[in-house]
Amino acid sequence: MSPLKLLERKKMGVTLRQLEIFLAVAETEHMTRASQKLSLSQSAASMAIAELEHQLNTPLFDRLGRRLVLNDRGRLLRPYATEALRVVKNAEMVMAKSGRKLVGELKVAASTTVGNYLLPYLLGAFAEKYPGVVVNLQVGNTEQVEAGILSGACDIGFTEGHTSHRNIETIPWLDDRLVVITAPRHPLSQKKTLTREDLESAKWIVREEGSGTEEILESNIFSQLKKFNVLLRLGHTEAIKKAVEAGLGVGCLSSLAVGREVEQGWLVQLPTPFLQLQRELLIVVHRGKDHTPLFKEFLAFCEHWKQGDVGGEKSGQPDAEEENF
């Protein structure tokens, strides 16, 4: 078994400093010269080698007079020690460089509407501006985004629903509005104004529980109706659009998600003046999150992008107000 395998199995505390001293002794074959090279006292270097040999439960050098020559176990350890120090040095270089320019990986979580219909534009613009940054995007519902933030698996999240968790900080970002939709051949599509009775008799196709859109439905639509008939609960916006387009019932989705279908005539937006369907899209972060330069720059970028101007150029954000609804 190699020394590193032995170390992993016994969970011993070999340090990088011990490995550095070990390599210096292996190179100079002399404790005094190795300690001088590292600006250490000879006793400190000797103690480090003795402790390393004790931790690995094996001698690493043959003592030949005043020379210290690697034995077979020492020769086995040497490439691993060299590689360990090389990796650490490279990490230090990368971290030093990251102080001058943005590099690294940013883990982003987003609920469905934001993740599918907004963030591709934003992240594309961010990647173009900062090619040294890799952005990892995970799309789920609001509850899943919150779970990622709370566990530390994600650095920053975007949601359509509010959170009351004490460890999550919310930052208002964009305004959004939901629209009630149906297929062009659905009986309700011919009405100029809908009544509550129309919505009570309709068959609804809605998002799964835990999504931000479902939360708005529950609080702003279903709460105003004496009854509501949920035909299907589907876990994705595209599935709802297809089911509604097929004439199975009525849906309620973000205007950002259905603009193309309404414009092409595949879906019809129903007039519902008695419903308040405005909502706020939020940025969510853990209250204990360390605001690194990359994190702070991404937050600032989101704010500039929200205003439609990033680096002096108009962002690719779709403008819901200009859709043909």
# chains A, B, ... in the order shown; residues from 1 in each chain; ligands from 1
>>> residues_around(residues="Leu52 (chain A)", least_positions_apart="5", cutoff="10 Å", atoms="only C-alpha atoms", output="count of residues only")
14
>>> residues_around(residues="Leu64 (chain A)", least_positions_apart="4", cutoff="12 Å", atoms="only C-alpha atoms", output="MDAnalysis selection string")
chainID A and resid 29:30 68:71
>>> atom_distance(atom1="CA of Asp198 (chain A)", atom2="CA of Thr112 (chain A)")
28.0 Å
>>> residues_around(residues="Val114 (chain A)", least_positions_apart="4", cutoff="12 Å", atoms="only C-alpha atoms", output="ChimeraX atom specification")
/A:108-110,118-123,137-142,145,157-161,173-176,211-213,237,254-257,280-283,317-318
>>> residues_around(residues="Val285 (chain A)", least_positions_apart="5", cutoff="10 Å", atoms="only C-alpha atoms", output="ChimeraX atom specification")
/A:146,148-150,152,154-158,167-171
>>> residues_around(residues="region 239-241 of chain A", least_positions_apart="5", cutoff="12 Å", atoms="only C-alpha atoms", output="short mmCIF file (atom, residue, chain, number, x, y, z; two decimals) with N, CA and C atoms, in the first residue's frame")
data_model
loop_
_atom_site.label_atom_id
_atom_site.label_comp_id
_atom_site.auth_asym_id
_atom_site.auth_seq_id
_atom_site.Cartn_x
_atom_site.Cartn_y
_atom_site.Cartn_z
N THR A 112 -38.81 27.86 -12.81
CA THR A 112 -38.99 27.53 -14.22
C THR A 112 -39.08 28.73 -15.15
N VAL A 180 -54.19 34.52 -18.15
CA VAL A 180 -55.02 33.32 -18.30
C VAL A 180 -55.14 33.01 -19.78
N ILE A 181 -54.88 31.77 -20.14
CA ILE A 181 -54.80 31.39 -21.56
C ILE A 181 -55.68 30.18 -21.84
N THR A 182 -56.05 30.06 -23.10
CA THR A 182 -56.75 28.86 -23.55
C THR A 182 -56.51 28.71 -25.05
N ALA A 183 -57.03 27.64 -25.62
CA ALA A 183 -56.88 27.39 -27.06
C ALA A 183 -57.87 28.25 -27.85
N TRP A 204 -59.03 23.49 -15.21
CA TRP A 204 -57.75 24.16 -15.08
C TRP A 204 -56.59 23.18 -15.23
N ILE A 205 -55.55 23.65 -15.91
CA ILE A 205 -54.29 22.91 -16.04
C ILE A 205 -53.22 23.78 -15.40
N VAL A 206 -52.65 23.32 -14.30
CA VAL A 206 -51.82 24.19 -13.47
C VAL A 206 -50.48 23.53 -13.16
N ARG A 207 -49.57 24.33 -12.60
CA ARG A 207 -48.26 23.84 -12.16
C ARG A 207 -48.39 23.01 -10.90
N GLU A 208 -47.33 22.29 -10.59
CA GLU A 208 -47.31 21.46 -9.39
C GLU A 208 -47.20 22.32 -8.15
N THR A 213 -45.68 30.01 -9.63
CA THR A 213 -46.91 30.28 -10.38
C THR A 213 -48.11 29.68 -9.68
N LEU A 231 -57.95 20.01 -13.53
CA LEU A 231 -57.93 18.80 -14.34
C LEU A 231 -56.56 18.13 -14.29
N LEU A 232 -55.50 18.93 -14.43
CA LEU A 232 -54.14 18.39 -14.46
C LEU A 232 -53.20 19.29 -13.68
N ARG A 233 -52.25 18.67 -12.98
CA ARG A 233 -51.12 19.40 -12.41
C ARG A 233 -49.86 18.89 -13.11
N LEU A 234 -49.16 19.78 -13.79
CA LEU A 234 -48.00 19.40 -14.57
C LEU A 234 -46.76 20.12 -14.06
N ALA A 246 -53.93 22.09 -26.83
CA ALA A 246 -54.69 20.95 -27.33
C ALA A 246 -56.17 21.04 -26.97
N GLY A 247 -56.55 22.08 -26.23
CA GLY A 247 -57.95 22.29 -25.90
C GLY A 247 -58.43 21.59 -24.66
N LEU A 248 -57.50 21.14 -23.81
CA LEU A 248 -57.90 20.38 -22.63
C LEU A 248 -58.46 21.27 -21.52
N GLY A 249 -58.15 22.55 -21.54
CA GLY A 249 -58.64 23.41 -20.48
C GLY A 249 -58.01 24.78 -20.50
N VAL A 250 -58.03 25.44 -19.33
CA VAL A 250 -57.54 26.80 -19.16
C VAL A 250 -56.27 26.76 -18.32
N GLY A 251 -55.32 27.62 -18.64
CA GLY A 251 -54.08 27.71 -17.86
C GLY A 251 -53.79 29.14 -17.45
N CYS A 252 -52.83 29.29 -16.57
CA CYS A 252 -52.38 30.63 -16.15
C CYS A 252 -50.87 30.58 -16.03
N LEU A 253 -50.19 31.36 -16.87
CA LEU A 253 -48.74 31.34 -16.92
C LEU A 253 -48.20 32.75 -17.06
N SER A 254 -46.90 32.87 -16.90
CA SER A 254 -46.25 34.16 -17.07
C SER A 254 -46.37 34.64 -18.50
N SER A 255 -46.55 35.95 -18.66
CA SER A 255 -46.58 36.53 -20.00
C SER A 255 -45.27 36.30 -20.73
N ALA A 257 -43.65 33.59 -20.75
CA ALA A 257 -43.59 32.21 -21.24
C ALA A 257 -44.50 31.97 -22.44
N VAL A 258 -45.53 32.80 -22.64
CA VAL A 258 -46.53 32.51 -23.68
C VAL A 258 -46.58 33.56 -24.77
N GLY A 259 -45.66 34.51 -24.76
CA GLY A 259 -45.70 35.59 -25.75
C GLY A 259 -45.69 35.10 -27.18
N ARG A 260 -44.80 34.14 -27.50
CA ARG A 260 -44.69 33.65 -28.88
C ARG A 260 -45.96 32.92 -29.31
N GLU A 261 -46.50 32.10 -28.41
CA GLU A 261 -47.70 31.32 -28.75
C GLU A 261 -48.91 32.23 -28.96
N VAL A 262 -49.05 33.28 -28.14
CA VAL A 262 -50.15 34.22 -28.32
C VAL A 262 -49.98 34.99 -29.62
N TRP A 266 -51.57 30.51 -31.48
CA TRP A 266 -51.72 29.14 -30.97
C TRP A 266 -52.45 29.14 -29.63
N LEU A 267 -52.31 30.23 -28.88
CA LEU A 267 -53.00 30.40 -27.61
C LEU A 267 -53.70 31.76 -27.62
N VAL A 268 -54.72 31.89 -26.77
CA VAL A 268 -55.47 33.13 -26.65
C VAL A 268 -55.40 33.59 -25.21
#
>>> closest_residue(among="A:Arg63, A:Ala147, A:Val284, A:Ser39", to="Leu299 (chain A)", atoms="only C-alpha atoms")
A:Val284
>>> select_by_dssp(residues="region 137-221 of chain A", states="alpha helix (DSSP H)", output="JSON, numbers by chain")
{"A": [142, 143, 144, 145, 146, 147, 148, 149, 150, 151, 196, 197, 198, 199, 200, 201, 212, 213, 214, 215, 216]}
>>> write_last_selection(atoms="N, CA, C and O atoms", output="compact mmCIF listing (two decimals), in the first residue's frame")
# COMPACT_ATOMS: atom_id res chain seq x y z
N THR A 142 -39.79 26.73 -7.09
CA THR A 142 -39.32 27.65 -6.05
C THR A 142 -38.79 26.91 -4.84
O THR A 142 -37.76 27.29 -4.26
N GLU A 143 -39.49 25.87 -4.41
CA GLU A 143 -39.04 25.11 -3.25
C GLU A 143 -37.67 24.49 -3.48
O GLU A 143 -36.82 24.45 -2.59
N GLN A 144 -37.43 23.99 -4.69
CA GLN A 144 -36.14 23.37 -5.01
C GLN A 144 -35.02 24.41 -5.04
O GLN A 144 -33.89 24.14 -4.62
N VAL A 145 -35.34 25.61 -5.53
CA VAL A 145 -34.35 26.69 -5.52
C VAL A 145 -33.97 27.04 -4.09
O VAL A 145 -32.79 27.18 -3.75
N GLU A 146 -34.97 27.18 -3.23
CA GLU A 146 -34.70 27.50 -1.83
C GLU A 146 -33.85 26.42 -1.17
O GLU A 146 -32.93 26.73 -0.40
N ALA A 147 -34.14 25.16 -1.47
CA ALA A 147 -33.37 24.06 -0.89
C ALA A 147 -31.91 24.14 -1.32
O ALA A 147 -31.00 23.90 -0.52
N GLY A 148 -31.66 24.49 -2.59
CA GLY A 148 -30.30 24.63 -3.07
C GLY A 148 -29.55 25.76 -2.40
O GLY A 148 -28.36 25.64 -2.10
N ILE A 149 -30.24 26.86 -2.14
CA ILE A 149 -29.63 28.00 -1.46
C ILE A 149 -29.31 27.65 0.00
O ILE A 149 -28.23 27.92 0.52
N LEU A 150 -30.25 27.00 0.67
CA LEU A 150 -30.08 26.68 2.09
C LEU A 150 -28.98 25.64 2.31
O LEU A 150 -28.26 25.68 3.31
N SER A 151 -28.83 24.71 1.37
CA SER A 151 -27.81 23.67 1.52
C SER A 151 -26.42 24.15 1.12
O SER A 151 -25.43 23.50 1.43
N ARG A 196 -66.40 35.47 -12.97
CA ARG A 196 -65.95 34.46 -12.01
C ARG A 196 -66.63 33.12 -12.27
O ARG A 196 -66.02 32.07 -12.09
N GLU A 197 -67.88 33.16 -12.72
CA GLU A 197 -68.59 31.92 -13.01
C GLU A 197 -67.93 31.17 -14.16
O GLU A 197 -67.89 29.92 -14.17
N ASP A 198 -67.41 31.91 -15.14
CA ASP A 198 -66.69 31.27 -16.24
C ASP A 198 -65.48 30.50 -15.72
O ASP A 198 -65.21 29.37 -16.13
N LEU A 199 -64.72 31.12 -14.83
CA LEU A 199 -63.52 30.49 -14.30
C LEU A 199 -63.85 29.34 -13.36
O LEU A 199 -63.09 28.36 -13.27
N GLU A 200 -65.00 29.45 -12.68
CA GLU A 200 -65.41 28.37 -11.77
C GLU A 200 -65.82 27.12 -12.54
O GLU A 200 -65.64 26.00 -12.08
N SER A 201 -66.36 27.30 -13.73
CA SER A 201 -66.81 26.15 -14.53
C SER A 201 -65.70 25.59 -15.42
O SER A 201 -65.85 24.51 -15.99
N GLY A 212 -43.80 28.84 -7.92
CA GLY A 212 -44.22 30.22 -7.69
C GLY A 212 -45.51 30.55 -8.41
O GLY A 212 -46.36 31.29 -7.89
N THR A 213 -45.68 30.01 -9.63
CA THR A 213 -46.91 30.28 -10.38
C THR A 213 -48.11 29.68 -9.68
O THR A 213 -49.19 30.30 -9.60
N GLU A 214 -47.97 28.48 -9.15
CA GLU A 214 -49.07 27.84 -8.43
C GLU A 214 -49.44 28.64 -7.19
O GLU A 214 -50.62 28.76 -6.83
N GLU A 215 -48.42 29.24 -6.56
CA GLU A 215 -48.68 30.07 -5.37
C GLU A 215 -49.55 31.27 -5.73
O GLU A 215 -50.48 31.63 -4.98
N ILE A 216 -49.29 31.90 -6.87
CA ILE A 216 -50.09 33.04 -7.31
C ILE A 216 -51.52 32.59 -7.64
O ILE A 216 -52.50 33.28 -7.32
>>> closest_residue(among="A:Leu277, A:Leu56, A:Leu217, A:Ala202", to="Asn229 (chain A)", atoms="only C-alpha atoms")
A:Ala202
>>> decode(residues="region 156-186 of chain A", atoms="C-alpha atoms", output="CSV table (one decimal), in the first residue's frame")
chain,number,residue,atom,x,y,z
A,156,ILE,CA,-27.6,32.5,-6.0
A,157,GLY,CA,-31.2,31.8,-6.9
A,158,PHE,CA,-34.0,33.4,-8.9
A,159,THR,CA,-37.6,32.7,-7.9
A,160,GLU,CA,-41.2,33.6,-8.8
A,161,GLY,CA,-42.6,33.0,-5.3
A,162,HIS,CA,-41.9,34.6,-1.9
A,163,THR,CA,-40.0,32.9,0.9
A,164,SER,CA,-40.3,33.3,4.6
A,165,HIS,CA,-37.2,31.3,5.6
A,166,ARG,CA,-35.1,33.3,8.1
A,167,ASN,CA,-31.8,32.3,6.4
A,168,ILE,CA,-32.8,33.5,3.0
A,169,GLU,CA,-32.5,37.1,1.9
A,170,THR,CA,-34.7,38.3,-1.0
A,171,ILE,CA,-33.8,41.0,-3.4
A,172,PRO,CA,-36.5,42.5,-5.7
A,173,TRP,CA,-35.6,42.1,-9.3
A,174,LEU,CA,-38.1,42.2,-12.1
A,175,ASP,CA,-41.9,42.7,-12.4
A,176,ASP,CA,-43.9,40.0,-14.1
A,177,ARG,CA,-47.6,39.4,-14.8
A,178,LEU,CA,-49.5,36.2,-15.3
A,179,VAL,CA,-52.1,35.8,-18.0
A,180,VAL,CA,-55.0,33.3,-18.3
A,181,ILE,CA,-54.8,31.4,-21.6
A,182,THR,CA,-56.8,28.9,-23.6
A,183,ALA,CA,-56.9,27.4,-27.1
A,184,PRO,CA,-58.5,29.4,-29.9
A,185,ARG,CA,-61.3,26.9,-30.3
A,186,HIS,CA,-62.1,26.9,-26.6
